[in-house]
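Only one structure is covered here, and it is reproduced in the block below.
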Amino acid sequence: MIILGVETATTQVGCAIGGAEGVLASFNANRGRRHAETITPAIEFVCKQARVEMKEISAVAVDIGPGLFTGLRVGIATAKAIAQALRVPMIGLSSLDLLAFPVRYSNRLIVPVIDARRGEVFTAFYRQVPGGVQRESPFAVMTPDDLASELMARTNDHLLVGDGAMRYASTFSAVGGVELGTAGSAFPSPAALVELAHPRAIREEFVQPWELVPLYLRRSDAEINWDARESA
Amino acid sequence: MSEAAPFRILGIETSCDETAAAVVANGGDVLSSVVSSQVDLHSRFGGVVPELASRAHVDLLPHVVAQTMLEAGLDAGVDAVAATVGPGLVGSLLVGVSAAKAMALVWDVPFVGVNHLEAHLYGAFLEEPDLELPMVVLLVSGGHTMLVLMEDHGRYRLLGQTIDDAAGEAFDKVARYLGLGYPGGPAIDSLAMEGDPTAVAFPRSLLGEGHDFSFSGLKTSVITHARKHPDVAVADVAASFQEAVVDVLVTKARIAAKETGARGLCLAGGVAANSALRERILDACIADGLRAFLPSRAMCTDNAAMVAAAAWWRLRSDGPTGLDAGANPNLRLA
Ligand SMILES: [Zn+2]
């Protein structure tokens, strides 16, 4: 069971390949060329490094967001097309899951925070479970101040990771019991994507390329403005 | 594979609000062509909303590609995959480009990045392989209004273009103001048939001044007129507006053909479906001794057969495009 993972939800672009023996090769870049220009050659690169031929891939995992819309779609369109061309199924995982999973050895509650731009962040709360993490709140988009208030209202200690946690570090570090992750945990991990997708693939928790939908969490401006005008 | 095996290109088009895929053999034989229009999605906003268009492309493209491959009777891939790389809406373009490159990687075949404007020119060759060159192409749509001299395959000269609104954009804006809905082109076209095109003498901008176009002033004077004369017949306004647009387009196309010594005149783009424009271009060509080419209405709107056709020529002249290609929303023809 070889799984290809594609991850382009934030300013990072990444991919990884692996299976039962773990992650065989992974790539990520946080600056340089744009997502669309990088991702296809990067997939070719990790396959080559792992000595995997495209036709050996039996499932395509993809980060479905939330994240930056344009970049997110590049990865999703790429992953869907690969799955479709190979006639293999897909597994969609959230960017917030991919941020939380690698820091699961902390004993704090894990709060991945992605910079959603426009003064907002995407976030959710996770706790450790055997073998991984489990989300215990809905995916949300909110202001850093609102998230800080929510953290303050809780009695737990929290670990905040992600580019949103770093960007609004001064807002969050003012809250008691908060530890901030470093740059190494700032972006969703393509290796975590493959690692998390594997047990799902074993359980055949698949979606087909035409069924997989991105997790935007925010509507388009045109729709928001339309509703504002209609209700005015 | 025998020597006579056809070379099949899967084309993908997502530059604006049509999600399209097609398979074309040897640059001219359309095996399948599927277009999924998003018109209903954008109509309440009176124009294409880029973010909604991009979202719809992501959802629709797998269906459209699957349908196209099925209709072409293919399952084990094609000989090349092409996609429109520009010009267009960047977020929309990226969906098609990303998908096309990924498929090319999986099937281990060339990827070809296609210029949308060039694709429109090749749409004409799909329906009329024996078009004589040089020809002048009047490319009019919601996004473009330009006069192009096609001297040979891959050799173009931009003669003139709009300095403000595209012709199709003017149709949409005027239709919206007159309460005719979206898209404006077909609405005005049918209403104009009941109106008097000489009822209002709207301005013909830049007529007699080179090959460039301007429709922004016309749009404003239509709106001003309708506001000043609220009881005027809408059909007359629609007909007079359309007459002004068509007058300018046809006059400039004729002059361009004459000046360049072109053998023919070809229409392309969504506005090429307009009945009055088609009729007037045909009359002009007969009067001037030019070959006229009017594409079918299906070929006027954005489709992927024209992308695959253009890709065949591009692949032969320039070779494959790298898998590190991105989208270029401001790509130019010449
Ligand atoms: Zn077009």
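Letters A, B, ... go to the chains of the structure tokens in the order shown; residues in each chain start at 1; ligands are counted from 1 in the same order.
What chain B places within 7 Å of chain A, counting only C-alpha atoms, is B:Val49, B:Glu51, B:Leu52, B:Val58, B:Asp59, B:Pro62, B:His63, B:Gly91, B:Leu94, B:Val95, B:Ser98, B:Ala99, B:Lys101, B:Ala102, B:Met103, B:Val106, B:Leu323, B:Asp324, B:Ala325, B:Gly326.
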Could you pull out the residues sitting within 7 Å of ligand 1, using only C-alpha atoms and all ligand atoms, and write them as a PyMOL selection string? chain B and resi 116-117+120+141+269-270+301-302
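Of the listed residues A:Ala186, A:Ala16, A:Val175, A:Leu98, the one whose atoms come nearest to Ser149 of chain A is A:Val175, with distances taken using only C-alpha atoms.
Using only C-alpha atoms, the shortest contact distance between Gly181 of chain A and any of A:Leu109, A:Ala197, A:Leu160, A:Ile2 is found at A:Leu160.
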Near-Val194 of chain A list (7 Å; only C-alpha atoms; drop same-chain fewer than 3 positions) as a PyMOL selection string: chain A and resi 3-5+16-18+23+61+190-191+197-198
Out of segment 4-117 of chain A, which residues get strand (DSSP E or B) from DSSP, as an NGL selection string?
:A and (4-7 or 13-19 or 22-29 or 57-65 or 90-94 or 109-115)
Spatial neighbours of Gly176 of chain A, max dist 12 Å, only C-alpha atoms, sep filter under 3 positions, as a PDB file with N, CA and C atoms, in the first residue's frame:
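In the end it all went to around.pdb:
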```
ATOM      1  N   ALA A 148      -7.861  33.932  21.892  1.00  0.00           N
ATOM      2  CA  ALA A 148      -7.179  34.199  23.170  1.00  0.00           C
ATOM      3  C   ALA A 148      -8.186  34.173  24.323  1.00  0.00           C
ATOM      4  N   SER A 149      -9.372  34.747  24.109  1.00  0.00           N
ATOM      5  CA  SER A 149     -10.410  34.742  25.155  1.00  0.00           C
ATOM      6  C   SER A 149     -10.845  33.318  25.466  1.00  0.00           C
ATOM      7  N   GLU A 150     -10.987  32.515  24.408  1.00  0.00           N
ATOM      8  CA  GLU A 150     -11.414  31.147  24.613  1.00  0.00           C
ATOM      9  C   GLU A 150     -10.360  30.351  25.397  1.00  0.00           C
ATOM     10  N   LEU A 151      -9.095  30.607  25.089  1.00  0.00           N
ATOM     11  CA  LEU A 151      -8.003  29.932  25.806  1.00  0.00           C
ATOM     12  C   LEU A 151      -8.017  30.330  27.281  1.00  0.00           C
ATOM     13  N   MET A 152      -8.296  31.598  27.505  1.00  0.00           N
ATOM     14  CA  MET A 152      -8.305  32.126  28.872  1.00  0.00           C
ATOM     15  C   MET A 152      -9.432  31.493  29.700  1.00  0.00           C
ATOM     16  N   ALA A 153     -10.560  31.224  29.011  1.00  0.00           N
ATOM     17  CA  ALA A 153     -11.720  30.678  29.710  1.00  0.00           C
ATOM     18  C   ALA A 153     -11.523  29.208  30.099  1.00  0.00           C
ATOM     19  N   ARG A 154     -10.535  28.562  29.473  1.00  0.00           N
ATOM     20  CA  ARG A 154     -10.299  27.141  29.765  1.00  0.00           C
ATOM     21  C   ARG A 154      -9.227  26.996  30.843  1.00  0.00           C
ATOM     22  N   THR A 155      -9.295  25.894  31.559  1.00  0.00           N
ATOM     23  CA  THR A 155      -8.343  25.710  32.658  1.00  0.00           C
ATOM     24  C   THR A 155      -7.102  24.928  32.231  1.00  0.00           C
ATOM     25  N   ASN A 156      -7.175  24.275  31.044  1.00  0.00           N
ATOM     26  CA  ASN A 156      -6.035  23.452  30.613  1.00  0.00           C
ATOM     27  C   ASN A 156      -4.819  24.286  30.233  1.00  0.00           C
ATOM     28  N   ASP A 157      -3.683  23.586  30.150  1.00  0.00           N
ATOM     29  CA  ASP A 157      -2.510  24.173  29.507  1.00  0.00           C
ATOM     30  C   ASP A 157      -2.591  23.859  28.009  1.00  0.00           C
ATOM     31  N   HIS A 158      -2.149  24.820  27.187  1.00  0.00           N
ATOM     32  CA  HIS A 158      -2.282  24.634  25.734  1.00  0.00           C
ATOM     33  C   HIS A 158      -0.945  24.783  25.019  1.00  0.00           C
ATOM     34  N   LEU A 159      -0.810  24.003  23.949  1.00  0.00           N
ATOM     35  CA  LEU A 159       0.324  24.176  23.043  1.00  0.00           C
ATOM     36  C   LEU A 159      -0.235  24.681  21.714  1.00  0.00           C
ATOM     37  N   THR A 171      -0.238  38.134  21.070  1.00  0.00           N
ATOM     38  CA  THR A 171      -1.616  38.001  21.579  1.00  0.00           C
ATOM     39  C   THR A 171      -1.756  36.746  22.442  1.00  0.00           C
ATOM     40  N   PHE A 172      -1.191  35.630  21.940  1.00  0.00           N
ATOM     41  CA  PHE A 172      -1.391  34.352  22.633  1.00  0.00           C
ATOM     42  C   PHE A 172      -0.476  34.184  23.843  1.00  0.00           C
ATOM     43  N   SER A 173       0.747  34.721  23.771  1.00  0.00           N
ATOM     44  CA  SER A 173       1.678  34.503  24.885  1.00  0.00           C
ATOM     45  C   SER A 173       1.259  35.279  26.126  1.00  0.00           C
ATOM     46  N   GLU A 179       1.832  27.617  25.666  1.00  0.00           N
ATOM     47  CA  GLU A 179       3.185  27.484  25.138  1.00  0.00           C
ATOM     48  C   GLU A 179       3.072  27.589  23.615  1.00  0.00           C
ATOM     49  N   LEU A 180       4.019  28.314  23.011  1.00  0.00           N
ATOM     50  CA  LEU A 180       3.968  28.481  21.560  1.00  0.00           C
ATOM     51  C   LEU A 180       4.975  27.570  20.883  1.00  0.00           C
TER      52      LEU A 180
END
```
Exercise. Could you write out, as a VMD selection string, all the residues of segment 56-173 of chain B that DSSP marks as helix (DSSP H, G or I)?
Worked result: chain B and resid 56 to 71 90 to 107 116 to 127 167 to 173
List the neighbours of Asp283 of chain B out to 12 Å using only C-alpha atoms; skip same-chain residues closer than 3 positions along the sequence, and give me the result as a PyMOL selection string. chain B and resi 250-251+254+265+276-280+286-294
Take the selection from the previous step and output its residues with all heavy atoms, as a CSV table (one decimal), in the first residue's frame.
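Done, and the output landed in part.csv:
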```csv
chain,number,residue,atom,x,y,z
B,250,VAL,N,-17.7,45.8,-36.9
B,250,VAL,CA,-17.7,45.4,-38.3
B,250,VAL,C,-16.9,46.4,-39.1
B,250,VAL,O,-16.0,46.0,-40.0
B,250,VAL,CB,-19.1,45.3,-38.9
B,250,VAL,CG1,-19.1,45.0,-40.4
B,250,VAL,CG2,-19.9,44.2,-38.2
B,251,THR,N,-17.1,47.7,-38.9
B,251,THR,CA,-16.3,48.7,-39.7
B,251,THR,C,-14.8,48.6,-39.5
B,251,THR,O,-14.1,48.6,-40.4
B,251,THR,CB,-16.8,50.1,-39.2
B,251,THR,OG1,-18.2,50.2,-39.3
B,251,THR,CG2,-16.1,51.2,-40.1
B,254,ARG,N,-13.4,45.4,-41.2
B,254,ARG,CA,-13.3,45.6,-42.7
B,254,ARG,C,-12.1,46.3,-43.0
B,254,ARG,O,-11.3,46.0,-43.9
B,254,ARG,CB,-14.5,46.3,-43.2
B,254,ARG,CG,-15.8,45.5,-43.2
B,254,ARG,CD,-16.9,46.3,-43.7
B,254,ARG,NE,-17.0,46.3,-45.1
B,254,ARG,CZ,-18.1,46.8,-45.8
B,254,ARG,NH1,-19.2,47.2,-45.1
B,254,ARG,NH2,-18.2,46.8,-47.1
B,265,LEU,N,-12.1,36.9,-43.2
B,265,LEU,CA,-12.4,37.5,-41.9
B,265,LEU,C,-13.1,36.4,-41.1
B,265,LEU,O,-14.0,35.7,-41.5
B,265,LEU,CB,-13.4,38.7,-42.2
B,265,LEU,CG,-13.6,39.8,-41.1
B,265,LEU,CD1,-12.2,40.4,-40.7
B,265,LEU,CD2,-14.5,40.8,-41.7
B,276,ALA,N,-26.9,39.8,-34.9
B,276,ALA,CA,-26.7,40.9,-35.7
B,276,ALA,C,-25.2,41.0,-36.2
B,276,ALA,O,-24.9,41.4,-37.4
B,276,ALA,CB,-27.0,42.2,-34.9
B,277,LEU,N,-24.3,40.7,-35.3
B,277,LEU,CA,-22.9,40.7,-35.7
B,277,LEU,C,-22.6,39.7,-36.8
B,277,LEU,O,-21.9,40.0,-37.8
B,277,LEU,CB,-22.0,40.5,-34.5
B,277,LEU,CG,-20.5,40.4,-34.7
B,277,LEU,CD1,-20.0,41.8,-35.2
B,277,LEU,CD2,-19.7,40.1,-33.4
B,278,ARG,N,-23.1,38.5,-36.7
B,278,ARG,CA,-22.9,37.5,-37.7
B,278,ARG,C,-23.4,37.9,-39.0
B,278,ARG,O,-22.7,37.8,-40.1
B,278,ARG,CB,-23.5,36.2,-37.3
B,278,ARG,CG,-23.0,35.6,-36.0
B,278,ARG,CD,-23.8,34.4,-35.5
B,278,ARG,NE,-23.6,33.2,-36.2
B,278,ARG,CZ,-22.7,32.3,-35.8
B,278,ARG,NH1,-21.9,32.5,-34.8
B,278,ARG,NH2,-22.5,31.2,-36.5
B,279,GLU,N,-24.6,38.5,-39.0
B,279,GLU,CA,-25.2,38.9,-40.3
B,279,GLU,C,-24.4,40.0,-41.0
B,279,GLU,O,-24.2,40.0,-42.1
B,279,GLU,CB,-26.6,39.4,-39.9
B,279,GLU,CG,-27.6,39.4,-41.0
B,279,GLU,CD,-29.0,39.8,-40.5
B,279,GLU,OE1,-29.5,39.0,-39.6
B,279,GLU,OE2,-29.6,40.8,-40.9
B,280,ARG,N,-24.0,41.0,-40.1
B,280,ARG,CA,-23.3,42.1,-40.7
B,280,ARG,C,-21.9,41.7,-41.2
B,280,ARG,O,-21.4,42.3,-42.2
B,280,ARG,CB,-23.2,43.2,-39.7
B,280,ARG,CG,-24.6,43.9,-39.4
B,280,ARG,CD,-24.9,45.0,-40.4
B,280,ARG,NE,-23.9,46.1,-40.3
B,280,ARG,CZ,-23.8,47.1,-39.4
B,280,ARG,NH1,-24.8,47.2,-38.5
B,280,ARG,NH2,-22.9,47.9,-39.5
B,286,ILE,N,-19.1,39.6,-48.2
B,286,ILE,CA,-19.7,39.5,-49.5
B,286,ILE,C,-19.3,40.7,-50.3
B,286,ILE,O,-18.8,40.7,-51.4
B,286,ILE,CB,-21.2,39.2,-49.5
B,286,ILE,CG1,-21.4,37.8,-48.9
B,286,ILE,CG2,-21.8,39.3,-50.9
B,286,ILE,CD1,-22.9,37.5,-48.6
B,287,ALA,N,-19.6,41.9,-49.7
B,287,ALA,CA,-19.3,43.2,-50.4
B,287,ALA,C,-17.8,43.4,-50.7
B,287,ALA,O,-17.5,43.9,-51.7
B,287,ALA,CB,-19.8,44.3,-49.5
B,288,ASP,N,-16.9,42.9,-49.8
B,288,ASP,CA,-15.5,43.2,-49.9
B,288,ASP,C,-14.8,42.0,-50.6
B,288,ASP,O,-13.5,42.1,-50.7
B,288,ASP,CB,-14.9,43.4,-48.6
B,288,ASP,CG,-15.4,44.7,-47.9
B,288,ASP,OD1,-16.2,45.4,-48.6
B,288,ASP,OD2,-15.1,44.9,-46.7
B,289,GLY,N,-15.5,40.9,-51.0
B,289,GLY,CA,-14.8,39.8,-51.6
B,289,GLY,C,-13.9,39.0,-50.7
B,289,GLY,O,-12.9,38.5,-51.1
B,290,LEU,N,-14.3,38.9,-49.4
B,290,LEU,CA,-13.5,38.2,-48.4
B,290,LEU,C,-14.2,36.9,-48.1
B,290,LEU,O,-15.4,36.8,-48.2
B,290,LEU,CB,-13.4,39.0,-47.1
B,290,LEU,CG,-12.6,40.3,-47.2
B,290,LEU,CD1,-12.9,41.1,-45.9
B,290,LEU,CD2,-11.1,40.0,-47.3
B,291,ARG,N,-13.4,35.9,-47.7
B,291,ARG,CA,-14.0,34.6,-47.2
B,291,ARG,C,-14.4,34.9,-45.8
B,291,ARG,O,-13.6,35.5,-45.0
B,291,ARG,CB,-12.9,33.5,-47.1
B,291,ARG,CG,-12.5,33.0,-48.5
B,291,ARG,CD,-13.2,31.8,-48.9
B,291,ARG,NE,-13.4,30.8,-47.9
B,291,ARG,CZ,-12.8,29.6,-47.9
B,291,ARG,NH1,-11.9,29.3,-48.7
B,291,ARG,NH2,-13.1,28.7,-46.9
B,292,ALA,N,-15.6,34.6,-45.4
B,292,ALA,CA,-16.1,34.8,-44.1
B,292,ALA,C,-16.1,33.5,-43.3
B,292,ALA,O,-16.4,32.4,-43.9
B,292,ALA,CB,-17.5,35.3,-44.1
B,293,PHE,N,-15.6,33.5,-42.1
B,293,PHE,CA,-15.8,32.3,-41.3
B,293,PHE,C,-16.5,32.6,-40.0
B,293,PHE,O,-16.0,33.4,-39.1
B,293,PHE,CB,-14.5,31.6,-41.0
B,293,PHE,CG,-14.8,30.4,-40.1
B,293,PHE,CD1,-15.3,29.3,-40.7
B,293,PHE,CD2,-14.5,30.4,-38.8
B,293,PHE,CE1,-15.7,28.2,-39.9
B,293,PHE,CE2,-14.9,29.3,-38.0
B,293,PHE,CZ,-15.4,28.2,-38.6
B,294,LEU,N,-17.7,32.1,-39.8
B,294,LEU,CA,-18.5,32.3,-38.6
B,294,LEU,C,-18.6,30.9,-37.9
B,294,LEU,O,-19.2,30.0,-38.4
B,294,LEU,CB,-19.9,32.7,-39.0
B,294,LEU,CG,-20.1,33.9,-39.9
B,294,LEU,CD1,-21.5,34.2,-40.2
B,294,LEU,CD2,-19.4,35.1,-39.3
```
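Neighbours of Phe215 of chain B closer than or equal to 10 Å, with only C-alpha atoms counted and sequence neighbours fewer than 2 positions away skipped, come out as Thr145, Thr162, Ile163, Asp164, Asp165, Ala166, Ala167, Gly168, Glu169, Ala170, Phe171, Pro203, Arg204, Ser205, Leu206, Phe213, Gly217, Leu218, Lys219, Thr220, Ala244, Val245 and Val248 of chain B.
For the pair atom CA of Asp17 of chain B and atom CA of Val60 of chain A, the interatomic distance is 27.5 Å.
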task: Could you give me, as a VMD selection string, the residues within 7 Å of Ser94 of chain A, counting only C-alpha atoms and dropping anything in the same chain fewer than 5 positions from it?
output: chain A and resid 63 to 66
Nearest to Leu217 of chain A, restricted to only C-alpha atoms and choosing among A:Val52, A:Ser26, A:Leu99, A:Glu120, comes out as A:Glu120
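Minimum atom-to-atom distances from B:Arg55, B:Lys252, B:Arg8, B:Lys228 to Gly73 of chain B were compared using only C-alpha atoms, and the lowest value belongs to B:Arg8.
Distances to Ala21 of chain B were evaluated for B:Leu158, B:Leu105, B:Val307, B:Met135 using only C-alpha atoms, and the minimum falls at B:Val307.
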